[in-house]
$ cat structure-v4.tsv   # TSV, C-alpha atoms
chain	number	residue	atom	x	y	z
A	1	MET	CA	221.04	44.69	262.80
A	2	ALA	CA	221.63	42.04	265.45
A	3	ILE	CA	223.07	43.17	268.74
A	4	ARG	CA	226.12	40.96	268.21
A	5	ASP	CA	226.84	42.72	264.91
A	6	ASP	CA	226.45	46.12	266.58
A	7	LEU	CA	228.88	45.13	269.31
A	8	ILE	CA	231.45	43.87	266.79
A	9	THR	CA	231.17	47.06	264.74
A	10	GLY	CA	231.49	49.29	267.79
A	11	LEU	CA	234.32	47.37	269.42
A	12	THR	CA	236.27	47.17	266.18
A	13	THR	CA	236.24	50.96	265.96
A	14	ARG	CA	236.94	51.70	269.62
A	15	LEU	CA	239.66	49.08	270.04
A	16	ALA	CA	241.44	49.95	266.78
A	17	SER	CA	244.34	51.70	268.51
A	18	SER	CA	244.66	49.19	271.35
A	19	SER	CA	246.76	46.03	271.73
A	20	VAL	CA	243.84	43.79	270.80
A	21	SER	CA	241.59	43.36	267.78
A	22	VAL	CA	238.08	42.09	267.22
A	23	SER	CA	237.17	38.97	265.28
A	24	THR	CA	233.94	38.51	263.36
A	25	GLU	CA	234.23	34.74	263.75
A	26	LEU	CA	232.31	32.79	266.35
A	27	PRO	CA	234.48	31.36	269.13
A	28	PHE	CA	234.13	27.76	268.06
A	29	VAL	CA	236.22	24.98	269.51
A	30	SER	CA	238.97	23.66	267.27
A	31	GLY	CA	240.98	20.67	268.44
A	32	ASP	CA	239.52	20.93	271.95
A	33	ILE	CA	240.75	24.52	272.20
A	34	PRO	CA	238.41	27.50	271.88
A	35	LEU	CA	239.41	29.89	269.16
A	36	TYR	CA	239.98	32.76	271.61
A	37	GLN	CA	242.65	30.70	273.39
A	38	LYS	CA	244.30	29.78	270.14
A	39	ASN	CA	244.28	33.35	268.85
A	40	MET	CA	245.16	35.44	271.84
A	41	LYS	CA	244.64	39.20	271.96
A	42	LYS	CA	241.52	38.85	269.83
A	43	VAL	CA	238.04	39.58	271.12
A	44	TYR	CA	235.49	36.95	270.08
A	45	LEU	CA	231.77	37.38	270.46
A	46	ASP	CA	229.57	34.32	270.78
A	47	GLU	CA	226.21	33.87	269.09
A	48	GLN	CA	223.56	35.91	270.87
A	49	GLN	CA	221.02	34.14	273.03
A	50	VAL	CA	217.52	35.60	272.90
A	51	GLY	CA	214.72	34.96	275.38
A	52	ILE	CA	211.24	36.43	275.11
A	53	THR	CA	208.99	36.63	278.16
A	54	GLU	CA	205.56	38.15	278.60
A	55	VAL	CA	205.52	41.16	280.89
A	56	TYR	CA	201.84	41.99	280.75
A	57	ASN	CA	198.94	39.74	279.81
A	58	THR	CA	195.74	41.37	278.71
A	59	LEU	CA	192.19	40.13	278.29
A	60	ASP	CA	192.31	40.73	274.52
A	61	ARG	CA	195.69	39.04	274.08
A	62	GLY	CA	197.42	42.31	273.27
A	63	ASP	CA	200.24	41.07	275.45
A	64	VAL	CA	203.45	43.01	276.00
A	65	SER	CA	206.66	41.03	275.84
A	66	GLN	CA	210.23	41.81	276.70
A	67	THR	CA	213.23	40.53	274.82
A	68	GLU	CA	216.36	39.63	276.72
A	69	THR	CA	219.50	39.26	274.64
A	70	ILE	CA	222.71	37.85	276.05
A	71	VAL	CA	226.01	37.99	274.20
A	72	ASN	CA	229.25	36.57	275.59
A	73	ALA	CA	232.56	38.08	274.57
A	74	TYR	CA	235.94	36.44	275.19
A	75	LEU	CA	239.44	37.80	275.32
A	76	CYS	CA	242.49	35.70	276.14
A	77	VAL	CA	245.92	37.20	276.90
A	78	ASP	CA	249.22	36.12	278.38
A	79	ALA	CA	248.93	36.00	282.16
A	80	LYS	CA	252.65	36.34	282.75
A	81	ASN	CA	253.12	39.52	280.75
A	82	SER	CA	249.92	41.49	281.05
A	83	LEU	CA	249.11	44.05	278.37
A	84	THR	CA	250.00	47.57	279.37
A	85	ASP	CA	246.61	48.87	278.24
A	86	ILE	CA	244.51	45.98	279.54
A	87	ALA	CA	242.60	48.23	281.97
A	88	THR	CA	241.60	50.54	279.11
A	89	ILE	CA	240.64	47.57	276.94
A	90	ILE	CA	238.42	46.11	279.65
A	91	ASN	CA	236.82	49.48	280.28
A	92	THR	CA	236.17	49.93	276.54
A	93	ILE	CA	234.60	46.47	276.19
A	94	GLN	CA	232.38	47.05	279.23
A	95	SER	CA	231.25	50.52	278.18
A	96	GLU	CA	230.35	49.29	274.70
A	97	ARG	CA	227.00	48.24	276.19
A	98	THR	CA	225.89	51.89	276.18
A	99	GLN	CA	226.96	52.56	272.60
A	100	LEU	CA	224.28	50.56	270.80
A	101	THR	CA	222.26	52.55	268.30
A	102	ASP	CA	219.02	50.78	269.25
A	103	ASN	CA	217.89	52.73	272.29
A	104	ASN	CA	214.94	50.50	273.14
A	105	GLN	CA	217.08	48.57	275.59
A	106	PHE	CA	216.25	49.92	279.01
A	107	ILE	CA	218.60	47.50	280.78
A	108	ARG	CA	222.19	47.34	279.50
A	109	GLU	CA	224.46	45.36	281.77
A	110	VAL	CA	227.76	43.55	281.50
A	111	ASP	CA	229.46	41.13	283.88
A	112	LEU	CA	233.14	40.29	283.78
A	113	THR	CA	234.67	37.04	284.99
A	114	THR	CA	238.22	35.83	284.67
A	115	ASP	CA	239.67	32.33	284.44
A	116	PHE	CA	243.21	31.06	284.21
A	117	VAL	CA	244.02	28.40	281.63
A	118	ASP	CA	247.64	27.34	281.96
A	119	ASP	CA	249.61	30.58	281.63
A	120	LYS	CA	246.75	32.47	280.01
A	121	ILE	CA	244.00	34.59	281.45
A	122	VAL	CA	240.58	34.51	279.83
A	123	TYR	CA	238.28	37.48	280.28
A	124	THR	CA	234.63	36.61	279.74
A	125	PHE	CA	232.19	39.49	279.33
A	126	GLU	CA	228.48	38.74	279.51
A	127	TYR	CA	226.41	41.49	277.90
A	128	ARG	CA	222.76	41.52	278.89
A	129	PHE	CA	220.20	43.73	277.12
A	130	ILE	CA	216.49	43.92	277.82
A	131	ALA	CA	214.00	45.71	275.58
A	132	ILE	CA	210.21	45.91	275.45
B	1	MET	CA	176.28	25.21	283.03
B	2	GLY	CA	179.98	25.86	283.21
B	3	VAL	CA	182.65	28.42	283.81
B	4	ILE	CA	183.09	31.27	281.37
B	5	ASN	CA	186.60	30.94	280.04
B	6	VAL	CA	188.16	34.22	278.90
B	7	THR	CA	191.49	32.90	277.65
B	8	ALA	CA	190.49	33.13	273.99
B	9	GLY	CA	190.91	36.90	274.23
B	10	SER	CA	187.46	37.75	272.92
B	11	GLN	CA	185.14	37.24	275.88
B	12	ALA	CA	185.63	39.98	278.49
B	13	ILE	CA	185.00	43.19	276.55
B	14	LEU	CA	184.34	46.70	277.85
B	15	THR	CA	182.50	48.74	275.22
B	16	LEU	CA	181.77	52.46	275.46
B	17	GLY	CA	179.56	54.83	273.52
B	18	ASN	CA	177.84	58.18	273.83
B	19	THR	CA	174.53	56.47	273.11
B	20	GLU	CA	173.15	53.16	274.35
B	21	PRO	CA	173.17	51.42	270.92
B	22	LEU	CA	176.83	52.38	270.46
B	23	ALA	CA	177.73	50.62	273.70
B	24	VAL	CA	176.34	47.23	272.72
B	25	PRO	CA	179.13	44.64	272.36
B	26	GLY	CA	180.15	44.40	268.73
B	27	ALA	CA	178.16	47.47	267.67
B	28	THR	CA	179.45	49.44	264.70
B	29	ASN	CA	181.40	52.55	265.78
B	30	SER	CA	181.53	51.38	269.39
B	31	LEU	CA	184.70	51.97	271.40
B	32	VAL	CA	186.22	48.80	272.79
B	33	VAL	CA	188.71	49.50	275.57
B	34	PRO	CA	191.78	47.50	274.53
B	35	LEU	CA	194.66	46.05	276.54
B	36	MET	CA	192.69	45.56	279.76
B	37	GLN	CA	194.46	43.46	282.33
B	38	ASP	CA	191.34	42.96	284.44
B	39	VAL	CA	187.81	44.22	284.76
B	40	THR	CA	185.54	44.15	287.80
B	41	VAL	CA	181.80	44.75	287.92
B	42	SER	CA	180.74	45.75	291.40
B	43	ALA	CA	177.07	45.81	292.34
B	44	ALA	CA	176.85	46.52	296.02
B	45	PRO	CA	173.52	47.20	297.70
B	46	GLY	CA	173.69	49.76	300.47
B	47	THR	CA	172.47	48.48	303.83
B	48	VAL	CA	171.57	49.92	307.18
B	49	ARG	CA	171.82	47.83	310.32
B	50	TYR	CA	169.70	48.34	313.37
B	51	SER	CA	169.16	46.63	316.71
B	52	THR	CA	165.99	45.84	318.60
B	53	LEU	CA	165.46	44.98	322.24
B	54	ASP	CA	163.84	41.65	321.43
B	55	SER	CA	166.72	40.22	319.37
B	56	SER	CA	170.29	39.34	320.14
B	57	SER	CA	171.24	39.82	316.48
B	58	SER	CA	171.12	43.00	314.45
B	59	SER	CA	168.67	43.40	311.60
B	60	ALA	CA	169.20	45.12	308.29
B	61	PHE	CA	167.38	46.75	305.44
B	62	THR	CA	168.72	47.71	302.06
B	63	THR	CA	169.05	51.19	300.65
B	64	VAL	CA	170.22	52.00	297.14
B	65	ASN	CA	172.67	50.05	295.01
B	66	GLU	CA	176.09	51.52	294.43
B	67	ASN	CA	177.37	50.18	291.14
B	68	GLU	CA	180.79	50.52	289.63
B	69	VAL	CA	182.95	49.05	286.89
B	70	SER	CA	186.69	49.16	287.50
B	71	PHE	CA	189.56	48.02	285.34
B	72	ASN	CA	193.29	48.23	284.76
B	73	MET	CA	194.67	48.74	281.29
B	74	LEU	CA	197.81	49.38	279.31
B	75	LEU	CA	197.33	52.72	277.61
B	76	ASP	CA	196.41	52.73	273.95
B	77	GLU	CA	197.22	56.11	272.44
B	78	ALA	CA	194.09	56.47	270.31
B	79	VAL	CA	191.71	55.24	272.98
B	80	PHE	CA	193.20	57.30	275.78
B	81	PHE	CA	193.70	60.57	273.87
B	82	GLY	CA	191.00	60.11	271.22
B	83	ASN	CA	190.84	59.77	267.48
B	84	ALA	CA	189.43	62.87	265.77
B	85	ALA	CA	188.30	60.78	262.80
B	86	LEU	CA	185.80	58.76	264.86
B	87	THR	CA	183.04	61.36	264.82
B	88	ASN	CA	180.23	58.81	265.15
B	89	ASN	CA	181.09	58.13	268.78
B	90	SER	CA	182.21	61.09	270.90
B	91	VAL	CA	183.83	58.83	273.47
B	92	ALA	CA	186.10	57.38	270.76
B	93	GLU	CA	186.60	60.82	269.24
B	94	LEU	CA	187.63	62.54	272.46
B	95	GLY	CA	189.22	59.60	274.23
B	96	LEU	CA	188.95	58.38	277.80
B	97	LEU	CA	190.95	61.25	279.28
B	98	THR	CA	188.94	64.12	277.79
B	99	THR	CA	185.65	62.32	278.40
B	100	SER	CA	186.65	61.98	282.05
B	101	ILE	CA	187.78	65.60	282.30
B	102	ASN	CA	184.53	66.79	280.70
B	103	LYS	CA	182.52	64.65	283.14
B	104	THR	CA	180.40	63.49	280.22
B	105	GLU	CA	177.91	60.71	280.89
B	106	ILE	CA	178.62	57.67	278.74
B	107	PHE	CA	176.96	54.33	278.09
B	108	PHE	CA	178.84	51.11	278.58
B	109	SER	CA	178.58	47.35	278.44
B	110	VAL	CA	180.70	44.62	279.90
B	111	ALA	CA	180.53	41.51	277.77
B	112	PHE	CA	181.14	38.27	279.63
B	113	GLU	CA	181.06	35.79	276.75
B	114	GLY	CA	182.00	37.88	273.75
B	115	ALA	CA	179.98	39.73	271.15
B	116	ASP	CA	178.23	36.87	269.39
B	117	SER	CA	174.48	36.43	269.21
B	118	THR	CA	172.88	35.42	272.57
B	119	ASP	CA	176.07	36.20	274.52
B	120	ASN	CA	175.32	37.76	277.92
B	121	TYR	CA	176.45	41.20	278.93
B	122	ILE	CA	175.83	43.88	281.56
B	123	LYS	CA	175.02	47.44	280.59
B	124	GLY	CA	174.50	50.80	282.16
B	125	LYS	CA	175.51	54.42	282.04
B	126	GLY	CA	177.88	56.46	284.12
B	127	PHE	CA	180.96	58.60	284.29
B	128	ILE	CA	184.58	57.74	283.57
B	129	GLY	CA	186.90	58.38	286.50
B	130	GLY	CA	189.81	56.99	288.39
B	131	LEU	CA	192.31	57.43	285.58
B	132	ALA	CA	195.80	57.50	287.06
B	133	PRO	CA	198.38	56.74	284.36
B	134	THR	CA	201.76	55.65	285.65
B	135	ALA	CA	205.02	54.72	283.97
B	136	SER	CA	208.42	53.78	285.26
B	137	ILE	CA	211.56	52.43	283.68
B	138	ASP	CA	210.88	49.08	285.35
B	139	GLN	CA	207.42	48.61	283.87
B	140	ALA	CA	208.39	50.53	280.68
B	141	VAL	CA	204.83	51.04	279.40
B	142	TRP	CA	202.03	53.32	280.54
B	143	ILE	CA	199.45	51.66	282.76
B	144	SER	CA	196.31	53.13	284.26
B	145	PRO	CA	193.40	52.06	286.38
B	146	GLY	CA	189.98	53.30	285.39
B	147	THR	CA	186.51	53.38	286.83
B	148	ILE	CA	183.02	53.89	285.53
B	149	ILE	CA	180.90	55.33	288.30
B	150	VAL	CA	177.53	53.92	287.35
B	151	ASN	CA	174.60	56.29	287.28
B	152	GLY	CA	171.58	54.09	288.01
B	153	GLU	CA	171.13	50.36	287.71
B	154	LEU	CA	173.15	47.70	286.01
B	155	THR	CA	170.99	45.58	283.75
B	156	LYS	CA	171.68	42.35	281.97
B	157	ALA	CA	171.09	41.80	278.29
B	158	THR	CA	172.07	39.55	275.43
B	159	VAL	CA	173.68	40.47	272.14

$ encode --input "structure-v4.tsv" --output "structure tokens"
Amino acid sequence: MAIRDDLITGLTTRLASSSVSVSTELPFVSGDIPLYQKNMKKVYLDEQQVGITEVYNTLDRGDVSQTETIVNAYLCVDAKNSLTDIATIINTIQSERTQLTDNNQFIREVDLTTDFVDDKIVYTFEYRFIAI
Amino acid sequence: MGVINVTAGSQAILTLGNTEPLAVPGATNSLVVPLMQDVTVSAAPGTVRYSTLDSSSSSAFTTVNENEVSFNMLLDEAVFFGNAALTNNSVAELGLLTTSINKTEIFFSVAFEGADSTDNYIKGKGFIGGLAPTASIDQAVWISPGTIIVNGELTKATV
């Protein structure tokens, strides 16, 4: 299963009792507005980006590669009236990186950035997984 | 004349065997050390320097050669720990680690151009040593250096 699918499955379960939900749709832009801004309080996960680099080169071409997968997640909420459980939601989304069933990832990181769009705040989570 | 390009992945080959015919590149039942990152053949003659009253420069004479083959490799489970099914070649059967621990003399060849007819290689016999497997979460696979301490001369041959 793709990492994006794993994240959606996990987040859907762990955010079920929170103020937000998880969408299976990609965060495409509709009418110049990204879907996560149109549908606030919904977590959207972008298509995963995969990069493969060679870690070790060998004389017999039995090279060892590592796969780096990046998935961006977006959540947009009202900036004026912040959700009461927003801290828990952010913590849950960040800790989801350690819940993947595929344990081959030896680096599991997530960065959080925030942007204001009008009276909304957009949380962007960048998941980064590296496996051999 | 020309450089020997090893990028095809089939030129630089270290082959081991418990007999000399088993260590010929491409020989049936030979043990090819896989996943080598580099291999170095060192043939260093020993020398002694001395000075004389009638010269402002030192002189030298040679003693014996000290030969060695060293390499770095990613560990292959069957090659490092042995494959009990490969009874025709005890080095392949026991693996590099046990052969080193047992201090068993082995035969080897280092192919420079591959294992095709008329390809050049260097051969000899010696002892496996210098194994020092390491792993860390950053490198994420087992890696080890290795050495063959050559017993006697290195000689050149063709397949």

$ closest_residue --input "structure-v4.tsv" --among "A:Leu100, A:Phe106, A:Val117, A:Asp32" --to "Thr9 in chain A" --atoms "only C-alpha atoms"
A:Leu100

$ atom_distance --input "structure-v4.tsv" --atom1 "CA of Gly26 in chain B" --atom2 "CA of Thr58 in chain A"
18.8 Å

$ interface_residues --input "structure-v4.tsv" --of "chain A" --to "chain B" --cutoff "6 Å" --atoms "all atoms listed in the file" --output "VMD selection string"
chain A and resid 58 to 62

$ write_last_selection --input "structure-v4.tsv" --atoms "C-alpha atoms" --output "PDB file, in the coordinates of the input"
ATOM      1  CA  THR A  58     195.740  41.370 278.710  1.00  0.00           C
ATOM      2  CA  LEU A  59     192.190  40.130 278.290  1.00  0.00           C
ATOM      3  CA  ASP A  60     192.310  40.730 274.520  1.00  0.00           C
ATOM      4  CA  ARG A  61     195.690  39.040 274.080  1.00  0.00           C
ATOM      5  CA  GLY A  62     197.420  42.310 273.270  1.00  0.00           C
TER       6      GLY A  62
END

$ residues_around --input "structure-v4.tsv" --residues "Glu68 in chain B" --least-positions-apart "6" --cutoff "12 Å" --atoms "only C-alpha atoms" --output "list in words"
Val39, Thr40, Val41, Ser42, Ala43, Ala44, Pro45, Phe108, Ser109, Val110, Ile122, Lys123, Gly124, Lys125, Gly126, Phe127, Ile128, Gly129, Gly130, Gly146, Thr147, Ile148, Ile149, Val150, Asn151, Gly152, Glu153 and Leu154 of chain B

$ residues_around --input "structure-v4.tsv" --residues "Asp6 in chain A" --least-positions-apart "3" --cutoff "12 Å" --atoms "only C-alpha atoms" --output "compact mmCIF listing (two decimals) with C-alpha atoms, in the frame of the given file"
# COMPACT_ATOMS: atom_id res chain seq x y z
CA MET A 1 221.04 44.69 262.80
CA ALA A 2 221.63 42.04 265.45
CA ILE A 3 223.07 43.17 268.74
CA THR A 9 231.17 47.06 264.74
CA GLY A 10 231.49 49.29 267.79
CA LEU A 11 234.32 47.37 269.42
CA THR A 12 236.27 47.17 266.18
CA THR A 13 236.24 50.96 265.96
CA THR A 24 233.94 38.51 263.36
CA LEU A 45 231.77 37.38 270.46
CA GLN A 48 223.56 35.91 270.87
CA VAL A 71 226.01 37.99 274.20
CA GLU A 96 230.35 49.29 274.70
CA ARG A 97 227.00 48.24 276.19
CA THR A 98 225.89 51.89 276.18
CA GLN A 99 226.96 52.56 272.60
CA LEU A 100 224.28 50.56 270.80
CA THR A 101 222.26 52.55 268.30
CA ASP A 102 219.02 50.78 269.25

$ closest_residue --input "structure-v4.tsv" --among "A:Ile93, A:Ala73, A:Val122, A:Val64" --to "Glu47 in chain A" --atoms "all atoms listed in the file"
A:Ala73

$ atom_distance --input "structure-v4.tsv" --atom1 "CA of Ile101 in chain B" --atom2 "CA of Ile143 in chain B"
18.2 Å

$ atom_distance --input "structure-v4.tsv" --atom1 "CA of Ile107 in chain A" --atom2 "CA of Ala131 in chain A"
7.2 Å

$ residues_around --input "structure-v4.tsv" --residues "Asn91 in chain A" --least-positions-apart "6" --cutoff "12 Å" --atoms "all atoms listed in the file" --output "ChimeraX atom specification"
/A:11,14-15,18,85,97-98,110-112,125

$ closest_residue --input "structure-v4.tsv" --among "A:Val50, A:Leu35, A:Ile89, A:Met40" --to "Ala16 in chain A" --atoms "all atoms listed in the file"
A:Ile89

$ residues_near_point --input "structure-v4.tsv" --point "(172.1, 51.9, 299.3)" --cutoff "7 Å" --atoms "all atoms listed in the file" --output "list in words"
Pro45, Gly46, Thr47, Thr62, Thr63, Val64, Asn65 and Glu66 of chain B

$ residues_around --input "structure-v4.tsv" --residues "range 94-100 of chain B" --least-positions-apart "4" --cutoff "12 Å" --atoms "all atoms listed in the file" --output "number ranges by chain"
B: 15-18, 31-34, 73, 75-90, 104-107, 126-133, 144-149

$ build_atoms --input "structure-v4.tsv" --residues "range 96-107 of chain B" --atoms "all heavy atoms" --output "tab-separated table (two decimals), in the coordinates of the input"
chain	number	residue	atom	x	y	z
B	96	LEU	N	189.34	58.59	276.40
B	96	LEU	CA	188.95	58.38	277.80
B	96	LEU	C	189.31	59.58	278.66
B	96	LEU	O	188.55	59.99	279.53
B	96	LEU	CB	189.64	57.13	278.36
B	96	LEU	CG	189.33	55.79	277.68
B	96	LEU	CD1	190.08	54.67	278.37
B	96	LEU	CD2	187.83	55.52	277.68
B	97	LEU	N	190.48	60.17	278.42
B	97	LEU	CA	190.95	61.25	279.28
B	97	LEU	C	190.03	62.47	279.18
B	97	LEU	O	189.54	62.97	280.20
B	97	LEU	CB	192.38	61.64	278.91
B	97	LEU	CG	192.98	62.78	279.73
B	97	LEU	CD1	193.11	62.38	281.19
B	97	LEU	CD2	194.33	63.20	279.16
B	98	THR	N	189.78	62.92	277.97
B	98	THR	CA	188.94	64.12	277.79
B	98	THR	C	187.51	63.85	278.24
B	98	THR	O	186.87	64.72	278.84
B	98	THR	CB	188.98	64.56	276.32
B	98	THR	OG1	190.34	64.81	275.96
B	98	THR	CG2	188.16	65.82	276.10
B	99	THR	N	187.01	62.65	277.97
B	99	THR	CA	185.65	62.32	278.40
B	99	THR	C	185.56	62.36	279.93
B	99	THR	O	184.56	62.81	280.50
B	99	THR	CB	185.24	60.93	277.89
B	99	THR	OG1	185.39	60.90	276.48
B	99	THR	CG2	183.80	60.62	278.24
B	100	SER	N	186.62	61.92	280.59
B	100	SER	CA	186.65	61.98	282.05
B	100	SER	C	186.73	63.41	282.53
B	100	SER	O	186.01	63.82	283.45
B	100	SER	CB	187.85	61.17	282.56
B	100	SER	OG	188.00	61.32	283.95
B	101	ILE	N	187.61	64.20	281.90
B	101	ILE	CA	187.78	65.60	282.30
B	101	ILE	C	186.46	66.37	282.10
B	101	ILE	O	186.07	67.18	282.95
B	101	ILE	CB	188.91	66.26	281.48
B	101	ILE	CG1	190.25	65.66	281.89
B	101	ILE	CG2	188.92	67.77	281.66
B	101	ILE	CD1	191.41	66.05	280.99
B	102	ASN	N	185.79	66.09	280.99
B	102	ASN	CA	184.53	66.79	280.70
B	102	ASN	C	183.36	66.31	281.55
B	102	ASN	O	182.29	66.89	281.52
B	102	ASN	CB	184.17	66.61	279.22
B	102	ASN	CG	185.13	67.33	278.30
B	102	ASN	OD1	185.93	68.15	278.75
B	102	ASN	ND2	185.08	67.03	277.02
B	103	LYS	N	183.58	65.22	282.29
B	103	LYS	CA	182.52	64.65	283.14
B	103	LYS	C	181.26	64.34	282.31
B	103	LYS	O	180.14	64.57	282.74
B	103	LYS	CB	182.20	65.58	284.31
B	103	LYS	CG	183.38	65.79	285.24
B	103	LYS	CD	183.03	66.63	286.45
B	103	LYS	CE	183.25	68.10	286.24
B	103	LYS	NZ	184.63	68.51	286.07
B	104	THR	N	181.50	63.82	281.12
B	104	THR	CA	180.40	63.49	280.22
B	104	THR	C	179.83	62.12	280.57
B	104	THR	O	180.60	61.17	280.78
B	104	THR	CB	180.91	63.45	278.76
B	104	THR	OG1	181.60	64.66	278.48
B	104	THR	CG2	179.76	63.28	277.79
B	105	GLU	N	178.52	62.02	280.63
B	105	GLU	CA	177.91	60.71	280.89
B	105	GLU	C	178.04	59.84	279.64
B	105	GLU	O	177.79	60.29	278.52
B	105	GLU	CB	176.44	60.87	281.26
B	105	GLU	CG	175.82	59.56	281.73
B	105	GLU	CD	174.42	59.74	282.25
B	105	GLU	OE1	173.56	60.18	281.45
B	105	GLU	OE2	174.17	59.47	283.43
B	106	ILE	N	178.44	58.60	279.86
B	106	ILE	CA	178.62	57.67	278.74
B	106	ILE	C	177.82	56.39	279.01
B	106	ILE	O	177.41	56.13	280.14
B	106	ILE	CB	180.11	57.32	278.54
B	106	ILE	CG1	180.76	56.80	279.85
B	106	ILE	CG2	180.89	58.53	278.07
B	106	ILE	CD1	181.00	55.35	279.87
B	107	PHE	N	177.60	55.64	277.98
B	107	PHE	CA	176.96	54.33	278.09
B	107	PHE	C	178.04	53.25	277.96
B	107	PHE	O	179.04	53.46	277.27
B	107	PHE	CB	175.89	54.15	277.03
B	107	PHE	CG	174.71	55.06	277.22
B	107	PHE	CD1	174.76	56.38	276.76
B	107	PHE	CD2	173.57	54.63	277.87
B	107	PHE	CE1	173.68	57.24	276.95
B	107	PHE	CE2	172.48	55.48	278.06
B	107	PHE	CZ	172.54	56.79	277.61
